[in-house]
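What follows is a set of notes on a single structure, which appears directly below.
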Amino acid sequence: RCDEAGVGAALLKTPPTPTREDVAGIETSWRYYRMDPKAFTQMGVLKVDFFEEFVRAGFDVLASDLDVTWVRDPRPWVTGQAAGMQLLAHADVLVSTDIANLALDTARSERWRYAEVNTGVLFLRNTNGTRALLAAWKRKMLDELTAGRLRKDSWGFNDQTYFNMIVRALGLQGVQSQGVWRQWLAERGLADGEVDASREGDRSVYRSRSALPLPSGGSAHITLTALPALEFSGGHIYFVQHEQLARATPPVALHT
């Protein structure tokens, strides 16, 4: 049916089989898994397994929660074609945020790093940086499960919690920072001058100070940034503040 509709699709013939004792059998007395932090985190491990399968197969991944409505085509943003978004084309990972104040989400503002990043909209490029981040994310969840720290009263702990922990520990630096730019260009295989870092209105991306281990050996730095909150919006900005209506800018994705 996807072929008939002209929609690209891949058939995962051999889905990842969880063999680890801590996630092989997800059991909970709750009908709604999210009420059980242990079960929900186990599901998070399987979700990251699924992401890794597609990245290993050479795909980029755009994932969203079920309560995200797609209004416009996101490709101009992830490919850097949208106005002011050229650097996003060179980021490993793009993620939405729970920012509710657009004044904190300007092109060069770093304040999003102190807000909650929201994995409800997550773009993963097929790069070593993405592979390293996914491995760290999964390892963090498995460590918590193995240590037995997740209990039924551990409300608020889930896969997004651990993603935030990983991101905040990266020590992110803007790639336009002195001493980072040329090193980052070399890592990306870009020539000096191929990307213009001086365009004032361009949204910045951030590189990790240290490299994270790769599953196949070696390590990689991670380049990451937040998707703009006006276009990749939470319900408060859209339904309560009516920012998109006031600015005549329809959202790309609306996370309710």
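Letters for chains follow the order of the structure tokens (A, B, ...), residue numbers begin at 1 for each chain, and ligand numbers begin at 1 in the order shown.
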Out of range 21-219 of chain A, which residues get strand (DSSP E) from DSSP, as a PDB file with N, CA and C atoms, in the first residue's frame?
ATOM      1  N   VAL A  61      16.164   8.831  10.581  1.00  0.00           N
ATOM      2  CA  VAL A  61      14.908   8.505  11.263  1.00  0.00           C
ATOM      3  C   VAL A  61      14.247   9.788  11.759  1.00  0.00           C
ATOM      4  N   LEU A  62      12.979   9.972  11.416  1.00  0.00           N
ATOM      5  CA  LEU A  62      12.163  11.034  12.002  1.00  0.00           C
ATOM      6  C   LEU A  62      11.050  10.344  12.779  1.00  0.00           C
ATOM      7  N   ALA A  63      11.079  10.478  14.101  1.00  0.00           N
ATOM      8  CA  ALA A  63      10.119   9.790  14.963  1.00  0.00           C
ATOM      9  C   ALA A  63       9.277  10.813  15.713  1.00  0.00           C
ATOM     10  N   SER A  64       8.015  10.477  15.913  1.00  0.00           N
ATOM     11  CA  SER A  64       7.150  11.367  16.681  1.00  0.00           C
ATOM     12  C   SER A  64       6.182  10.543  17.522  1.00  0.00           C
ATOM     13  N   VAL A  68       1.335  13.793  18.182  1.00  0.00           N
ATOM     14  CA  VAL A  68       1.898  14.851  17.331  1.00  0.00           C
ATOM     15  C   VAL A  68       1.122  14.891  16.017  1.00  0.00           C
ATOM     16  N   THR A  69       0.646  16.068  15.661  1.00  0.00           N
ATOM     17  CA  THR A  69      -0.025  16.279  14.376  1.00  0.00           C
ATOM     18  C   THR A  69       0.946  16.974  13.427  1.00  0.00           C
ATOM     19  N   TRP A  70       1.157  16.377  12.260  1.00  0.00           N
ATOM     20  CA  TRP A  70       2.044  16.968  11.261  1.00  0.00           C
ATOM     21  C   TRP A  70       1.216  17.853  10.329  1.00  0.00           C
ATOM     22  N   VAL A  93      21.574  15.123  15.524  1.00  0.00           N
ATOM     23  CA  VAL A  93      20.288  14.922  16.201  1.00  0.00           C
ATOM     24  C   VAL A  93      19.569  16.263  16.334  1.00  0.00           C
ATOM     25  N   LEU A  94      18.291  16.262  15.989  1.00  0.00           N
ATOM     26  CA  LEU A  94      17.410  17.415  16.188  1.00  0.00           C
ATOM     27  C   LEU A  94      16.258  16.960  17.081  1.00  0.00           C
ATOM     28  N   VAL A  95      15.898  17.786  18.067  1.00  0.00           N
ATOM     29  CA  VAL A  95      14.879  17.373  19.022  1.00  0.00           C
ATOM     30  C   VAL A  95      14.006  18.572  19.393  1.00  0.00           C
ATOM     31  N   SER A  96      12.735  18.318  19.659  1.00  0.00           N
ATOM     32  CA  SER A  96      11.848  19.388  20.093  1.00  0.00           C
ATOM     33  C   SER A  96      12.059  19.676  21.571  1.00  0.00           C
ATOM     34  N   THR A  97      11.440  20.741  22.057  1.00  0.00           N
ATOM     35  CA  THR A  97      11.580  21.119  23.463  1.00  0.00           C
ATOM     36  C   THR A  97      10.202  21.413  24.060  1.00  0.00           C
ATOM     37  N   VAL A 117      14.157  18.918  26.951  1.00  0.00           N
ATOM     38  CA  VAL A 117      14.035  18.535  25.546  1.00  0.00           C
ATOM     39  C   VAL A 117      13.015  17.408  25.468  1.00  0.00           C
ATOM     40  N   ASN A 118      12.231  17.418  24.412  1.00  0.00           N
ATOM     41  CA  ASN A 118      11.092  16.517  24.314  1.00  0.00           C
ATOM     42  C   ASN A 118      11.279  15.585  23.123  1.00  0.00           C
ATOM     43  N   THR A 119      11.450  14.302  23.418  1.00  0.00           N
ATOM     44  CA  THR A 119      11.700  13.320  22.369  1.00  0.00           C
ATOM     45  C   THR A 119      10.433  12.964  21.596  1.00  0.00           C
ATOM     46  N   GLY A 120       9.347  13.728  21.833  1.00  0.00           N
ATOM     47  CA  GLY A 120       8.116  13.527  21.063  1.00  0.00           C
ATOM     48  C   GLY A 120       8.302  13.818  19.596  1.00  0.00           C
ATOM     49  N   VAL A 121       9.257  14.685  19.246  1.00  0.00           N
ATOM     50  CA  VAL A 121       9.695  14.872  17.860  1.00  0.00           C
ATOM     51  C   VAL A 121      11.213  14.762  17.871  1.00  0.00           C
ATOM     52  N   LEU A 122      11.729  13.778  17.164  1.00  0.00           N
ATOM     53  CA  LEU A 122      13.156  13.463  17.230  1.00  0.00           C
ATOM     54  C   LEU A 122      13.644  13.065  15.844  1.00  0.00           C
ATOM     55  N   PHE A 123      14.672  13.778  15.361  1.00  0.00           N
ATOM     56  CA  PHE A 123      15.277  13.438  14.072  1.00  0.00           C
ATOM     57  C   PHE A 123      16.680  12.900  14.318  1.00  0.00           C
ATOM     58  N   LEU A 124      16.959  11.724  13.763  1.00  0.00           N
ATOM     59  CA  LEU A 124      18.239  11.047  13.954  1.00  0.00           C
ATOM     60  C   LEU A 124      18.884  10.830  12.593  1.00  0.00           C
ATOM     61  N   GLN A 173      28.855  22.855  23.187  1.00  0.00           N
ATOM     62  CA  GLN A 173      29.428  24.148  22.802  1.00  0.00           C
ATOM     63  C   GLN A 173      28.881  24.532  21.437  1.00  0.00           C
ATOM     64  N   GLY A 174      28.501  25.795  21.245  1.00  0.00           N
ATOM     65  CA  GLY A 174      28.088  26.250  19.926  1.00  0.00           C
ATOM     66  C   GLY A 174      29.207  26.066  18.919  1.00  0.00           C
ATOM     67  N   TYR A 206      25.162  22.615  18.267  1.00  0.00           N
ATOM     68  CA  TYR A 206      26.084  22.476  19.388  1.00  0.00           C
ATOM     69  C   TYR A 206      26.804  21.135  19.317  1.00  0.00           C
ATOM     70  N   ARG A 207      28.082  21.170  19.665  1.00  0.00           N
ATOM     71  CA  ARG A 207      28.931  19.975  19.613  1.00  0.00           C
ATOM     72  C   ARG A 207      29.337  19.581  21.028  1.00  0.00           C
ATOM     73  N   LEU A 212      31.709  10.254  22.732  1.00  0.00           N
ATOM     74  CA  LEU A 212      31.078   9.106  23.385  1.00  0.00           C
ATOM     75  C   LEU A 212      31.442   7.830  22.631  1.00  0.00           C
ATOM     76  N   PRO A 213      31.490   6.703  23.345  1.00  0.00           N
ATOM     77  CA  PRO A 213      31.864   5.435  22.689  1.00  0.00           C
ATOM     78  C   PRO A 213      30.857   5.011  21.623  1.00  0.00           C
ATOM     79  N   SER A 219      35.018   6.207  19.000  1.00  0.00           N
ATOM     80  CA  SER A 219      34.138   7.167  19.656  1.00  0.00           C
ATOM     81  C   SER A 219      33.777   8.272  18.667  1.00  0.00           C
TER      82      SER A 219
END
Checklist entry - Skipping near chain neighbours, those fewer than 3 positions away, what residues fall within 12 Å of Pro215 in chain A using only C-alpha atoms, listed as JSON, numbers by chain? => result {"A": [52, 56, 128, 129, 130, 131, 132, 133, 134, 135, 136, 138, 139, 212, 218, 219, 220]}
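Restricting the calculation to only C-alpha atoms, the smallest distance between Gly58 in chain A and any of A:Arg125, A:His221, A:Lys140, A:His242 is found for A:Arg125.
Excluding Asn126 in chain A and any residue on its chain fewer than 4 positions from it, the residues at most 6 Å away by only C-alpha atoms are Val55, Phe59 and Asp60 of chain A.
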Give me a file of those residues, with C-alpha atoms, as a short mmCIF file (atom, residue, chain, number, x, y, z; two decimals), in the first residue's frame.
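File part_26.cif, as written:
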data_model
loop_
_atom_site.label_atom_id
_atom_site.label_comp_id
_atom_site.auth_asym_id
_atom_site.auth_seq_id
_atom_site.Cartn_x
_atom_site.Cartn_y
_atom_site.Cartn_z
CA VAL A 55 20.31 3.78 11.44
CA PHE A 59 18.35 5.40 7.10
CA ASP A 60 17.75 8.74 8.75
#
Checklist entry - Residues at most 8 Å from Val45 in chain A, counting only C-alpha atoms, excluding those fewer than 6 positions away in the same chain, as a list in words? => result Val23, Lys138, Met141, Leu142 and Asp159 of chain A
Item to check | Gln86 in chain A surroundings by only C-alpha atoms, 10 Å radius, close-in-sequence under 6 positions cut, as a list in words | outcome: Pro76, Trp77, Val78, Thr79, Gly80, Val195, Asp196, Ala197, Arg199, Asp202, Arg203, Ser204 and Val205 of chain A
Next on the checklist: With distances taken over only C-alpha atoms, which residue among A:Ala91, A:Ala147, A:Leu66, A:Ile99 lies nearest Ile237 in chain A?
Outcome noted: A:Ile99
Item to check | Computed interatomic separation between CA of Gly84 in chain A and CA of Asp105 in chain A (Å) | outcome: 13.3 Å
Checklist entry - Of the candidates A:Glu231, A:Glu27, A:Glu194, A:Glu200, which one gets nearest to Leu254 in chain A if we count only C-alpha atoms? => result A:Glu231
Next on the checklist: Considering only helix (DSSP H, G or I) as DSSP defines it on the backbone, what residues of range 3-250 of chain A qualify? List them as a count of residues only.
Outcome noted: 90
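Note that the spacing between CA of Glu110 in chain A and CA of Leu172 in chain A amounts to 9.6 Å.
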